[in-house]
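J.: Contents are PDB, C-alpha atoms; file name structure.pdb:
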```pdb
ATOM      1  CA  MET A   1     -12.645  11.958  -2.656
ATOM      2  CA  PRO A   2     -16.045  10.337  -3.126
ATOM      3  CA  ARG A   3     -17.827   8.914  -0.089
ATOM      4  CA  ALA A   4     -18.843   5.277   0.365
ATOM      5  CA  PRO A   5     -20.854   3.350  -0.718
ATOM      6  CA  VAL A   6     -18.744   2.643  -3.777
ATOM      7  CA  PRO A   7     -20.262   2.571  -7.289
ATOM      8  CA  PRO A   8     -20.910  -0.768  -9.082
ATOM      9  CA  GLU A   9     -17.623  -0.796 -11.048
ATOM     10  CA  VAL A  10     -15.611  -0.394  -7.832
ATOM     11  CA  ASP A  11     -17.701  -3.085  -6.154
ATOM     12  CA  GLU A  12     -16.948  -5.415  -9.057
ATOM     13  CA  PHE A  13     -13.211  -4.645  -8.918
ATOM     14  CA  LEU A  14     -13.020  -5.259  -5.162
ATOM     15  CA  ARG A  15     -14.664  -8.684  -5.529
ATOM     16  CA  LEU A  16     -11.568  -9.951  -7.357
ATOM     17  CA  PRO A  17      -8.762 -11.602  -5.325
ATOM     18  CA  ASN A  18      -6.378  -8.748  -6.055
ATOM     19  CA  PRO A  19      -3.151  -7.845  -4.251
ATOM     20  CA  ALA A  20      -3.726  -5.248  -1.540
ATOM     21  CA  VAL A  21      -1.780  -3.117   0.921
ATOM     22  CA  ILE A  22      -3.155  -2.030   4.295
ATOM     23  CA  ALA A  23      -1.904   1.165   5.920
ATOM     24  CA  THR A  24      -2.330   1.632   9.665
ATOM     25  CA  LEU A  25      -1.096   4.210  12.176
ATOM     26  CA  ARG A  26       1.730   3.526  14.594
ATOM     27  CA  PRO A  27       1.363   4.840  18.153
ATOM     28  CA  ASP A  28       3.465   7.891  17.215
ATOM     29  CA  GLY A  29       1.010   8.653  14.372
ATOM     30  CA  SER A  30       3.338   7.655  11.530
ATOM     31  CA  PRO A  31       2.041   5.330   8.810
ATOM     32  CA  HIS A  32       2.812   1.597   8.583
ATOM     33  CA  SER A  33       1.972  -0.460   5.505
ATOM     34  CA  VAL A  34       2.080  -4.133   4.564
ATOM     35  CA  PRO A  35       0.529  -6.390   1.907
ATOM     36  CA  THR A  36      -2.618  -8.245   2.892
ATOM     37  CA  TRP A  37      -5.270 -10.628   1.688
ATOM     38  CA  TYR A  38      -8.802  -9.247   1.976
ATOM     39  CA  ASP A  39     -12.364 -10.108   1.048
ATOM     40  CA  TRP A  40     -15.053  -7.678   0.006
ATOM     41  CA  ASP A  41     -18.305  -8.473   1.755
ATOM     42  CA  ASP A  42     -21.180  -6.271   0.708
ATOM     43  CA  GLY A  43     -19.544  -2.946   1.464
ATOM     44  CA  ARG A  44     -17.130  -4.043   4.200
ATOM     45  CA  VAL A  45     -13.631  -5.502   4.031
ATOM     46  CA  LEU A  46     -12.537  -8.636   5.873
ATOM     47  CA  LEU A  47      -8.897  -8.697   7.009
ATOM     48  CA  ASN A  48      -7.212 -11.443   9.027
ATOM     49  CA  MET A  49      -3.833 -11.713  10.738
ATOM     50  CA  GLU A  50      -1.869 -13.612  13.348
ATOM     51  CA  ASP A  51      -2.577 -12.211  16.777
ATOM     52  CA  THR A  52       1.090 -11.257  17.161
ATOM     53  CA  ARG A  53       1.083  -8.828  14.255
ATOM     54  CA  LEU A  54       2.050  -5.224  14.914
ATOM     55  CA  ARG A  55      -0.732  -3.959  12.671
ATOM     56  CA  LEU A  56      -3.283  -5.577  14.959
ATOM     57  CA  ARG A  57      -1.992  -3.492  17.853
ATOM     58  CA  TYR A  58      -1.971  -0.406  15.645
ATOM     59  CA  MET A  59      -5.595  -0.957  14.549
ATOM     60  CA  ALA A  60      -6.710  -1.484  18.122
ATOM     61  CA  HIS A  61      -4.977   1.747  19.144
ATOM     62  CA  ASP A  62      -6.274   3.847  16.244
ATOM     63  CA  PRO A  63      -8.947   2.382  13.946
ATOM     64  CA  ARG A  64      -8.186   4.659  10.991
ATOM     65  CA  VAL A  65      -6.780   2.698   8.031
ATOM     66  CA  ALA A  66      -6.363   2.841   4.267
ATOM     67  CA  LEU A  67      -6.464  -0.114   1.885
ATOM     68  CA  THR A  68      -5.085   0.059  -1.654
ATOM     69  CA  VAL A  69      -6.117  -2.731  -4.016
ATOM     70  CA  LEU A  70      -4.021  -3.212  -7.166
ATOM     71  CA  GLY A  71      -5.351  -4.608 -10.419
ATOM     72  CA  SER A  72      -3.802  -7.867 -11.541
ATOM     73  CA  GLY A  73      -5.557  -8.392 -14.883
ATOM     74  CA  GLU A  74      -4.225  -7.402 -18.281
ATOM     75  CA  ASP A  75      -4.144  -3.711 -17.364
ATOM     76  CA  GLY A  76      -2.118  -4.635 -14.278
ATOM     77  CA  TRP A  77      -1.922  -2.112 -11.484
ATOM     78  CA  TYR A  78      -2.895   0.766 -13.763
ATOM     79  CA  ARG A  79      -6.275  -0.201 -12.352
ATOM     80  CA  HIS A  80      -6.491   0.361  -8.615
ATOM     81  CA  VAL A  81      -8.903   1.347  -5.886
ATOM     82  CA  SER A  82      -8.145   2.698  -2.423
ATOM     83  CA  LEU A  83     -10.529   2.725   0.509
ATOM     84  CA  LEU A  84     -10.148   5.066   3.477
ATOM     85  CA  GLY A  85     -12.051   4.075   6.566
ATOM     86  CA  ARG A  86     -12.123   2.547  10.006
ATOM     87  CA  ILE A  87     -11.759  -0.816  11.640
ATOM     88  CA  VAL A  88     -15.170  -1.332  13.227
ATOM     89  CA  SER A  89     -14.685  -4.793  14.688
ATOM     90  CA  ILE A  90     -11.790  -6.988  15.834
ATOM     91  CA  GLU A  91     -12.611 -10.563  16.780
ATOM     92  CA  ASP A  92     -10.815 -13.874  17.314
ATOM     93  CA  ASP A  93     -10.933 -16.237  14.359
ATOM     94  CA  GLU A  94     -11.002 -19.276  16.638
ATOM     95  CA  SER A  95     -12.196 -21.794  14.059
ATOM     96  CA  LEU A  96      -9.906 -20.300  11.373
ATOM     97  CA  ALA A  97     -13.029 -19.926   9.229
ATOM     98  CA  ASP A  98     -12.084 -16.401   8.149
ATOM     99  CA  ILE A  99      -8.482 -17.149   7.192
ATOM    100  CA  ASP A 100      -9.706 -20.237   5.318
ATOM    101  CA  ARG A 101     -12.153 -18.006   3.489
ATOM    102  CA  LEU A 102      -9.290 -15.708   2.453
ATOM    103  CA  ALA A 103      -6.925 -18.578   1.607
ATOM    104  CA  LEU A 104      -9.587 -20.229  -0.563
ATOM    105  CA  ARG A 105     -10.216 -16.922  -2.311
ATOM    106  CA  TYR A 106      -6.536 -16.335  -3.067
ATOM    107  CA  THR A 107      -5.042 -19.845  -3.358
ATOM    108  CA  GLY A 108      -7.976 -22.235  -3.807
ATOM    109  CA  HIS A 109      -6.930 -24.138  -0.671
ATOM    110  CA  PRO A 110      -7.605 -23.874   3.077
ATOM    111  CA  PHE A 111      -4.901 -22.104   5.074
ATOM    112  CA  ARG A 112      -1.937 -24.351   5.872
ATOM    113  CA  THR A 113      -0.721 -23.043   9.219
ATOM    114  CA  ARG A 114      -3.325 -24.103  11.790
ATOM    115  CA  ASP A 115      -1.490 -23.827  15.116
ATOM    116  CA  ARG A 116      -1.380 -20.048  15.511
ATOM    117  CA  LYS A 117      -4.047 -17.776  16.904
ATOM    118  CA  ARG A 118      -5.604 -15.514  14.320
ATOM    119  CA  VAL A 119      -7.790 -12.449  14.465
ATOM    120  CA  SER A 120     -10.233 -10.930  11.989
ATOM    121  CA  ALA A 121     -10.781  -7.220  11.518
ATOM    122  CA  TRP A 122     -13.573  -5.548   9.576
ATOM    123  CA  LEU A 123     -12.909  -2.328   7.712
ATOM    124  CA  GLU A 124     -15.802   0.018   7.001
ATOM    125  CA  PRO A 125     -14.907   2.368   4.124
ATOM    126  CA  GLU A 126     -15.788   6.045   4.415
ATOM    127  CA  ARG A 127     -14.210   7.307   1.187
ATOM    128  CA  TRP A 128     -12.642   5.805  -1.902
ATOM    129  CA  HIS A 129     -10.469   6.890  -4.817
ATOM    130  CA  GLY A 130      -8.898   5.231  -7.820
ATOM    131  CA  TRP A 131      -9.423   3.819 -11.287
ATOM    132  CA  PRO A 132     -11.261   0.484 -11.086
TER     133      PRO A 132
ATOM    134  CA  MET B   1      11.543  -3.553  12.818
ATOM    135  CA  PRO B   2      15.132  -3.357  11.566
ATOM    136  CA  ARG B   3      16.662   0.042  10.950
ATOM    137  CA  ALA B   4      17.998   1.300   7.623
ATOM    138  CA  PRO B   5      20.326   0.833   5.793
ATOM    139  CA  VAL B   6      18.704  -2.233   4.283
ATOM    140  CA  PRO B   7      20.641  -5.492   3.778
ATOM    141  CA  PRO B   8      21.849  -6.532   0.292
ATOM    142  CA  GLU B   9      18.860  -8.798  -0.510
ATOM    143  CA  VAL B  10      16.440  -5.932   0.197
ATOM    144  CA  ASP B  11      18.565  -3.567  -1.857
ATOM    145  CA  GLU B  12      18.422  -6.020  -4.757
ATOM    146  CA  PHE B  13      14.640  -6.434  -4.442
ATOM    147  CA  LEU B  14      14.051  -2.670  -4.411
ATOM    148  CA  ARG B  15      16.072  -2.200  -7.606
ATOM    149  CA  LEU B  16      13.376  -4.072  -9.567
ATOM    150  CA  PRO B  17      10.535  -2.060 -11.164
ATOM    151  CA  ASN B  18       7.974  -3.554  -8.809
ATOM    152  CA  PRO B  19       4.474  -2.298  -8.021
ATOM    153  CA  ALA B  20       4.420  -0.099  -4.927
ATOM    154  CA  VAL B  21       1.969   1.695  -2.660
ATOM    155  CA  ILE B  22       2.777   4.931  -0.819
ATOM    156  CA  ALA B  23       1.015   5.754   2.440
ATOM    157  CA  THR B  24       0.907   9.361   3.614
ATOM    158  CA  LEU B  25      -0.903  11.199   6.422
ATOM    159  CA  ARG B  26      -3.918  13.388   5.815
ATOM    160  CA  PRO B  27      -4.146  16.645   7.786
ATOM    161  CA  ASP B  28      -6.419  14.909  10.335
ATOM    162  CA  GLY B  29      -3.713  12.267  10.884
ATOM    163  CA  SER B  30      -5.541   9.437   9.111
ATOM    164  CA  PRO B  31      -3.673   7.369   6.512
ATOM    165  CA  HIS B  32      -4.014   7.781   2.748
ATOM    166  CA  SER B  33      -2.583   5.261   0.293
ATOM    167  CA  VAL B  34      -2.190   5.042  -3.472
ATOM    168  CA  PRO B  35      -0.086   3.037  -5.958
ATOM    169  CA  THR B  36       3.085   4.678  -7.191
ATOM    170  CA  TRP B  37       6.100   4.240  -9.400
ATOM    171  CA  TYR B  38       9.391   4.617  -7.552
ATOM    172  CA  ASP B  39      13.116   4.256  -8.116
ATOM    173  CA  TRP B  40      15.637   3.036  -5.584
ATOM    174  CA  ASP B  41      18.711   5.239  -5.634
ATOM    175  CA  ASP B  42      21.457   4.092  -3.318
ATOM    176  CA  GLY B  43      19.401   4.025  -0.144
ATOM    177  CA  ARG B  44      16.796   6.649  -1.021
ATOM    178  CA  VAL B  45      13.526   6.419  -2.925
ATOM    179  CA  LEU B  46      12.530   8.704  -5.790
ATOM    180  CA  LEU B  47       8.807   9.443  -6.117
ATOM    181  CA  ASN B  48       7.169  11.748  -8.635
ATOM    182  CA  MET B  49       3.655  13.111  -9.019
ATOM    183  CA  GLU B  50       1.583  15.819 -10.657
ATOM    184  CA  ASP B  51       1.692  18.971  -8.585
ATOM    185  CA  THR B  52      -2.080  18.798  -8.064
ATOM    186  CA  ARG B  53      -1.964  15.479  -6.204
ATOM    187  CA  LEU B  54      -3.380  15.326  -2.701
ATOM    188  CA  ARG B  55      -0.469  13.204  -1.499
ATOM    189  CA  LEU B  56       1.931  16.013  -2.342
ATOM    190  CA  ARG B  57       0.064  18.308   0.042
ATOM    191  CA  TYR B  58       0.004  15.555   2.652
ATOM    192  CA  MET B  59       3.789  14.969   2.384
ATOM    193  CA  ALA B  60       4.489  18.684   2.634
ATOM    194  CA  HIS B  61       2.298  18.880   5.753
ATOM    195  CA  ASP B  62       3.743  15.772   7.456
ATOM    196  CA  PRO B  63       6.828  14.092   5.949
ATOM    197  CA  ARG B  64       6.211  10.682   7.543
ATOM    198  CA  VAL B  65       5.393   8.035   4.933
ATOM    199  CA  ALA B  66       5.447   4.289   4.346
ATOM    200  CA  LEU B  67       6.160   2.547   1.052
ATOM    201  CA  THR B  68       5.233  -1.089   0.408
ATOM    202  CA  VAL B  69       6.830  -2.744  -2.613
ATOM    203  CA  LEU B  70       5.226  -5.938  -3.910
ATOM    204  CA  GLY B  71       7.080  -8.710  -5.691
ATOM    205  CA  SER B  72       6.041  -9.344  -9.262
ATOM    206  CA  GLY B  73       8.231 -12.313 -10.150
ATOM    207  CA  GLU B  74       7.229 -15.968  -9.966
ATOM    208  CA  ASP B  75       6.679 -15.785  -6.211
ATOM    209  CA  GLY B  76       4.367 -12.825  -6.813
ATOM    210  CA  TRP B  77       3.561 -10.601  -3.874
ATOM    211  CA  TYR B  78       4.504 -13.273  -1.366
ATOM    212  CA  ARG B  79       7.768 -11.347  -1.620
ATOM    213  CA  HIS B  80       7.446  -7.790  -0.375
ATOM    214  CA  VAL B  81       9.380  -5.058   1.382
ATOM    215  CA  SER B  82       8.063  -2.033   3.232
ATOM    216  CA  LEU B  83      10.042   1.074   4.084
ATOM    217  CA  LEU B  84       9.043   3.479   6.843
ATOM    218  CA  GLY B  85      10.629   6.888   6.688
ATOM    219  CA  ARG B  86      10.435  10.548   5.813
ATOM    220  CA  ILE B  87      10.221  12.753   2.773
ATOM    221  CA  VAL B  88      13.430  14.761   2.983
ATOM    222  CA  SER B  89      13.117  16.798  -0.206
ATOM    223  CA  ILE B  90      10.358  18.033  -2.504
ATOM    224  CA  GLU B  91      11.428  19.734  -5.728
ATOM    225  CA  ASP B  92       9.925  20.696  -9.087
ATOM    226  CA  ASP B  93      10.663  18.272 -11.903
ATOM    227  CA  GLU B  94      10.770  21.088 -14.446
ATOM    228  CA  SER B  95      12.544  19.187 -17.205
ATOM    229  CA  LEU B  96      10.459  16.029 -16.519
ATOM    230  CA  ALA B  97      13.779  14.203 -16.148
ATOM    231  CA  ASP B  98      12.616  12.362 -13.032
ATOM    232  CA  ILE B  99       9.260  11.208 -14.386
ATOM    233  CA  ASP B 100      11.019  10.106 -17.570
ATOM    234  CA  ARG B 101      13.454   8.135 -15.420
ATOM    235  CA  LEU B 102      10.506   6.385 -13.724
ATOM    236  CA  ALA B 103       8.579   5.863 -16.967
ATOM    237  CA  LEU B 104      11.648   4.341 -18.633
ATOM    238  CA  ARG B 105      12.135   2.060 -15.630
ATOM    239  CA  TYR B 106       8.535   0.829 -15.666
ATOM    240  CA  THR B 107       7.479   1.063 -19.319
ATOM    241  CA  GLY B 108      10.667   1.391 -21.371
ATOM    242  CA  HIS B 109       9.448   4.698 -22.806
ATOM    243  CA  PRO B 110       9.614   8.376 -21.787
ATOM    244  CA  PHE B 111       6.515   9.706 -20.049
ATOM    245  CA  ARG B 112       3.726  10.625 -22.480
ATOM    246  CA  THR B 113       1.953  13.511 -20.751
ATOM    247  CA  ARG B 114       4.308  16.484 -20.974
ATOM    248  CA  ASP B 115       2.034  19.492 -20.369
ATOM    249  CA  ARG B 116       1.479  19.137 -16.620
ATOM    250  CA  LYS B 117       3.712  20.352 -13.804
ATOM    251  CA  ARG B 118       5.336  17.533 -11.873
ATOM    252  CA  VAL B 119       7.154  17.311  -8.585
ATOM    253  CA  SER B 120       9.727  14.856  -7.240
ATOM    254  CA  ALA B 121       9.940  13.750  -3.627
ATOM    255  CA  TRP B 122      12.764  11.826  -1.987
ATOM    256  CA  LEU B 123      12.007   9.316   0.739
ATOM    257  CA  GLU B 124      14.695   8.477   3.272
ATOM    258  CA  PRO B 125      13.939   5.122   4.937
ATOM    259  CA  GLU B 126      14.386   4.791   8.688
ATOM    260  CA  ARG B 127      13.107   1.235   9.132
ATOM    261  CA  TRP B 128      12.098  -1.646   6.911
ATOM    262  CA  HIS B 129      10.207  -4.927   7.179
ATOM    263  CA  GLY B 130       9.206  -7.711   4.821
ATOM    264  CA  TRP B 131      10.339 -10.781   2.889
ATOM    265  CA  PRO B 132      12.444  -9.717  -0.084
TER     266      PRO B 132
END
```
Can you present the structure in this file as structure tokens?

T.:
Amino acid sequence: MPRAPVPPEVDEFLRLPNPAVIATLRPDGSPHSVPTWYDWDDGRVLLNMEDTRLRLRYMAHDPRVALTVLGSGEDGWYRHVSLLGRIVSIEDDESLADIDRLALRYTGHPFRTRDRKRVSAWLEPERWHGWP
Amino acid sequence: MPRAPVPPEVDEFLRLPNPAVIATLRPDGSPHSVPTWYDWDDGRVLLNMEDTRLRLRYMAHDPRVALTVLGSGEDGWYRHVSLLGRIVSIEDDESLADIDRLALRYTGHPFRTRDRKRVSAWLEPERWHGWP
């Protein structure tokens, strides 16, 4: 599997608001996966979740994650890119700026639910594979 | 997370030829993820891959996997179901019957590439989560 940084065509693919699935490790080492919004920010991936989410605990316990991004254009998910890497930062999203950023990217509107605590996590890719 | 067997609405969701992502464990214990076709067969999941695929080696080394299935109807991937479980069987798909079954499910046609060895794997879910 090629190492990061990703080539230009992967960079371009990851900029699109595509469906994605994040895989984390449970405390017993087994994999857990769930769909997620993300943003691609110059080589790193922004993720955001409610602070009650299991995957937040999993990431804090073991930072190793994988993100698969599925194409949603005319070729559909024949096009896809996966990133293997680590969560390098977990921080409170007190102002909800990060979830608004993701909601705007995916829906065109700020995030509706504003009374729950949210947390941002940054993924630094180490390797990638796929067909962008 | 609820235990398998899944309730009827999850069963119904998994019968659809939806996009899916399989997460496996690399030998160092880190997660690996990649899109996959699947079929839902009365409580078990059929997967199929070329015998050269990394994920086949990973599954043989550690059978613990997670599968996230994304909705593709009008609600899009707001609807999703994830299964956590184990690969309970890995067998050669010598006649290509299993990959044809998946190709027919997803494309309506038998699988085109017929000169490569393929392998089927069966996933037995232990837990599930999501919004079917």

J.: Hey, what's within 10 Å of region 62-65 of chain B if we count only C-alpha atoms and toss same-chain stuff fewer than 3 positions away? As a count of residues only, please?

T.: 30

J.: What's around Leu46 (chain B) at 6 Å? Count all atoms listed in the file, leave out sequence neighbours fewer than 6 positions away in its own chain, and write the answer as a list in words.

T.: Tyr38, Asp39 and Trp122 of chain B

J.: Got a sec: who's within 10 Å of Trp77 (chain B), counting all atoms listed in the file, leaving out chain neighbours fewer than 4 positions off, as a list in words?

T.: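 That gives Pro19, Ala20, Pro35 and Thr36 of chain A; Asn18, Pro19, Val69, Leu70, Gly71, Ser72, Gly73, Val81, Trp131 and Pro132 of chain B.
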
J.: How would you write, as a VMD selection string, the residues chosen by the PyMOL selection byres ((chain B and resi 48-52) around 6) on this structure?

T.: chain B and resid 47 53 117 to 120

J.: Apply the PyMOL selection byres ((chain B and resi 1) around 8) to the file shown and report the selected residues as a PDB file with C-alpha atoms, keeping the file's coordinate frame.

T.:
```pdb
ATOM      1  CA  PRO B   2      15.132  -3.357  11.566  1.00  0.00           C
ATOM      2  CA  ARG B   3      16.662   0.042  10.950  1.00  0.00           C
ATOM      3  CA  ARG B 127      13.107   1.235   9.132  1.00  0.00           C
ATOM      4  CA  TRP B 128      12.098  -1.646   6.911  1.00  0.00           C
ATOM      5  CA  HIS B 129      10.207  -4.927   7.179  1.00  0.00           C
TER       6      HIS B 129
END
```

J.: Check the smallest atom-to-atom distance from each of B:His109, B:Arg15, B:His80, B:His61 to Asp41 (chain B) using all atoms listed in the file, then report the winner.

T.: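 Selected residue with least distance to Asp41 (chain B): B:Arg15.
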
J.: Would you please work out which residue, of A:Asp42, A:Val21, A:Glu9, A:Ala103, is nearest to Ser82 (chain A) when using all atoms listed in the file?

T.: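 Comparing A:Asp42, A:Val21, A:Glu9, A:Ala103 against Ser82 (chain A), the winner is A:Val21.
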
J.: Could you tell me how far CA of Glu74 (chain B) lies from CA of Ile99 (chain A), in Å and to one decimal?

T.: 23.3 Å

J.: On this structure, the PyMOL selection byres ((chain A and resi 110) around 12) would catch which residues? List them as a PyMOL selection string, sorted by chain and number.

T.: chain A and resi 96-109+111-114

J.: Using only C-alpha atoms, which of the listed residues (B:Glu12, B:Asp28, B:Asp92, B:Asp115) sits closest to chain A?

T.: B:Asp28

J.: Which value, in Å to one decimal, gives the distance between CA of Trp40 (chain A) and CA of Gly76 (chain A)?

T.: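 So the answer is 19.5 Å.
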
J.: Determine the nearest neighbour of chain B from the options A:Ala66, A:Arg116, A:Glu126, A:Glu91, counting only C-alpha atoms.

T.: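 Of the candidates, the smallest distance to chain B is held by A:Ala66.
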
J.: I need the residue nearest chain A from this list: B:Arg79, B:Ala4, B:Ala121, B:Thr68. Use all atoms listed in the file for the distance.

T.: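 So, comparing all the options, the nearest one is B:Thr68.
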
J.: Please, could N, CA and C atoms be added to region 63-81 of chain A and the result written as a PDB file, keeping the file's coordinate frame?

T.:
```
ATOM      1  N   PRO A  63      -8.250   3.193  14.952  1.00  0.00           N
ATOM      2  CA  PRO A  63      -8.947   2.382  13.946  1.00  0.00           C
ATOM      3  C   PRO A  63      -8.874   2.931  12.528  1.00  0.00           C
ATOM      4  N   ARG A  64      -8.210   4.057  12.330  1.00  0.00           N
ATOM      5  CA  ARG A  64      -8.186   4.659  10.991  1.00  0.00           C
ATOM      6  C   ARG A  64      -7.169   3.952  10.095  1.00  0.00           C
ATOM      7  N   VAL A  65      -7.632   3.468   8.943  1.00  0.00           N
ATOM      8  CA  VAL A  65      -6.780   2.698   8.031  1.00  0.00           C
ATOM      9  C   VAL A  65      -7.066   3.104   6.589  1.00  0.00           C
ATOM     10  N   ALA A  66      -6.154   2.697   5.713  1.00  0.00           N
ATOM     11  CA  ALA A  66      -6.363   2.841   4.267  1.00  0.00           C
ATOM     12  C   ALA A  66      -5.986   1.530   3.613  1.00  0.00           C
ATOM     13  N   LEU A  67      -6.749   1.126   2.619  1.00  0.00           N
ATOM     14  CA  LEU A  67      -6.464  -0.114   1.885  1.00  0.00           C
ATOM     15  C   LEU A  67      -6.354   0.232   0.410  1.00  0.00           C
ATOM     16  N   THR A  68      -5.227  -0.113  -0.199  1.00  0.00           N
ATOM     17  CA  THR A  68      -5.085   0.059  -1.654  1.00  0.00           C
ATOM     18  C   THR A  68      -5.090  -1.311  -2.315  1.00  0.00           C
ATOM     19  N   VAL A  69      -5.980  -1.472  -3.283  1.00  0.00           N
ATOM     20  CA  VAL A  69      -6.117  -2.731  -4.016  1.00  0.00           C
ATOM     21  C   VAL A  69      -5.609  -2.505  -5.430  1.00  0.00           C
ATOM     22  N   LEU A  70      -4.660  -3.354  -5.853  1.00  0.00           N
ATOM     23  CA  LEU A  70      -4.021  -3.212  -7.166  1.00  0.00           C
ATOM     24  C   LEU A  70      -4.643  -4.174  -8.154  1.00  0.00           C
ATOM     25  N   GLY A  71      -4.878  -3.715  -9.379  1.00  0.00           N
ATOM     26  CA  GLY A  71      -5.351  -4.608 -10.419  1.00  0.00           C
ATOM     27  C   GLY A  71      -4.309  -5.649 -10.756  1.00  0.00           C
ATOM     28  N   SER A  72      -4.754  -6.818 -11.169  1.00  0.00           N
ATOM     29  CA  SER A  72      -3.802  -7.867 -11.541  1.00  0.00           C
ATOM     30  C   SER A  72      -4.182  -8.488 -12.879  1.00  0.00           C
ATOM     31  N   GLY A  73      -5.149  -7.885 -13.570  1.00  0.00           N
ATOM     32  CA  GLY A  73      -5.557  -8.392 -14.883  1.00  0.00           C
ATOM     33  C   GLY A  73      -4.620  -7.880 -15.959  1.00  0.00           C
ATOM     34  N   GLU A  74      -5.124  -7.772 -17.178  1.00  0.00           N
ATOM     35  CA  GLU A  74      -4.225  -7.402 -18.281  1.00  0.00           C
ATOM     36  C   GLU A  74      -3.777  -5.941 -18.197  1.00  0.00           C
ATOM     37  N   ASP A  75      -4.567  -5.099 -17.552  1.00  0.00           N
ATOM     38  CA  ASP A  75      -4.144  -3.711 -17.364  1.00  0.00           C
ATOM     39  C   ASP A  75      -3.203  -3.568 -16.169  1.00  0.00           C
ATOM     40  N   GLY A  76      -3.009  -4.670 -15.430  1.00  0.00           N
ATOM     41  CA  GLY A  76      -2.118  -4.635 -14.278  1.00  0.00           C
ATOM     42  C   GLY A  76      -2.555  -3.598 -13.264  1.00  0.00           C
ATOM     43  N   TRP A  77      -1.586  -3.029 -12.577  1.00  0.00           N
ATOM     44  CA  TRP A  77      -1.922  -2.112 -11.484  1.00  0.00           C
ATOM     45  C   TRP A  77      -2.172  -0.693 -11.970  1.00  0.00           C
ATOM     46  N   TYR A  78      -2.332  -0.487 -13.280  1.00  0.00           N
ATOM     47  CA  TYR A  78      -2.895   0.766 -13.763  1.00  0.00           C
ATOM     48  C   TYR A  78      -4.295   0.922 -13.174  1.00  0.00           C
ATOM     49  N   ARG A  79      -4.982  -0.207 -13.037  1.00  0.00           N
ATOM     50  CA  ARG A  79      -6.275  -0.201 -12.352  1.00  0.00           C
ATOM     51  C   ARG A  79      -6.023  -0.374 -10.852  1.00  0.00           C
ATOM     52  N   HIS A  80      -6.669   0.451 -10.068  1.00  0.00           N
ATOM     53  CA  HIS A  80      -6.491   0.361  -8.615  1.00  0.00           C
ATOM     54  C   HIS A  80      -7.610   1.104  -7.916  1.00  0.00           C
ATOM     55  N   VAL A  81      -7.900   0.680  -6.711  1.00  0.00           N
ATOM     56  CA  VAL A  81      -8.903   1.347  -5.886  1.00  0.00           C
ATOM     57  C   VAL A  81      -8.371   1.413  -4.458  1.00  0.00           C
TER      58      VAL A  81
END
```
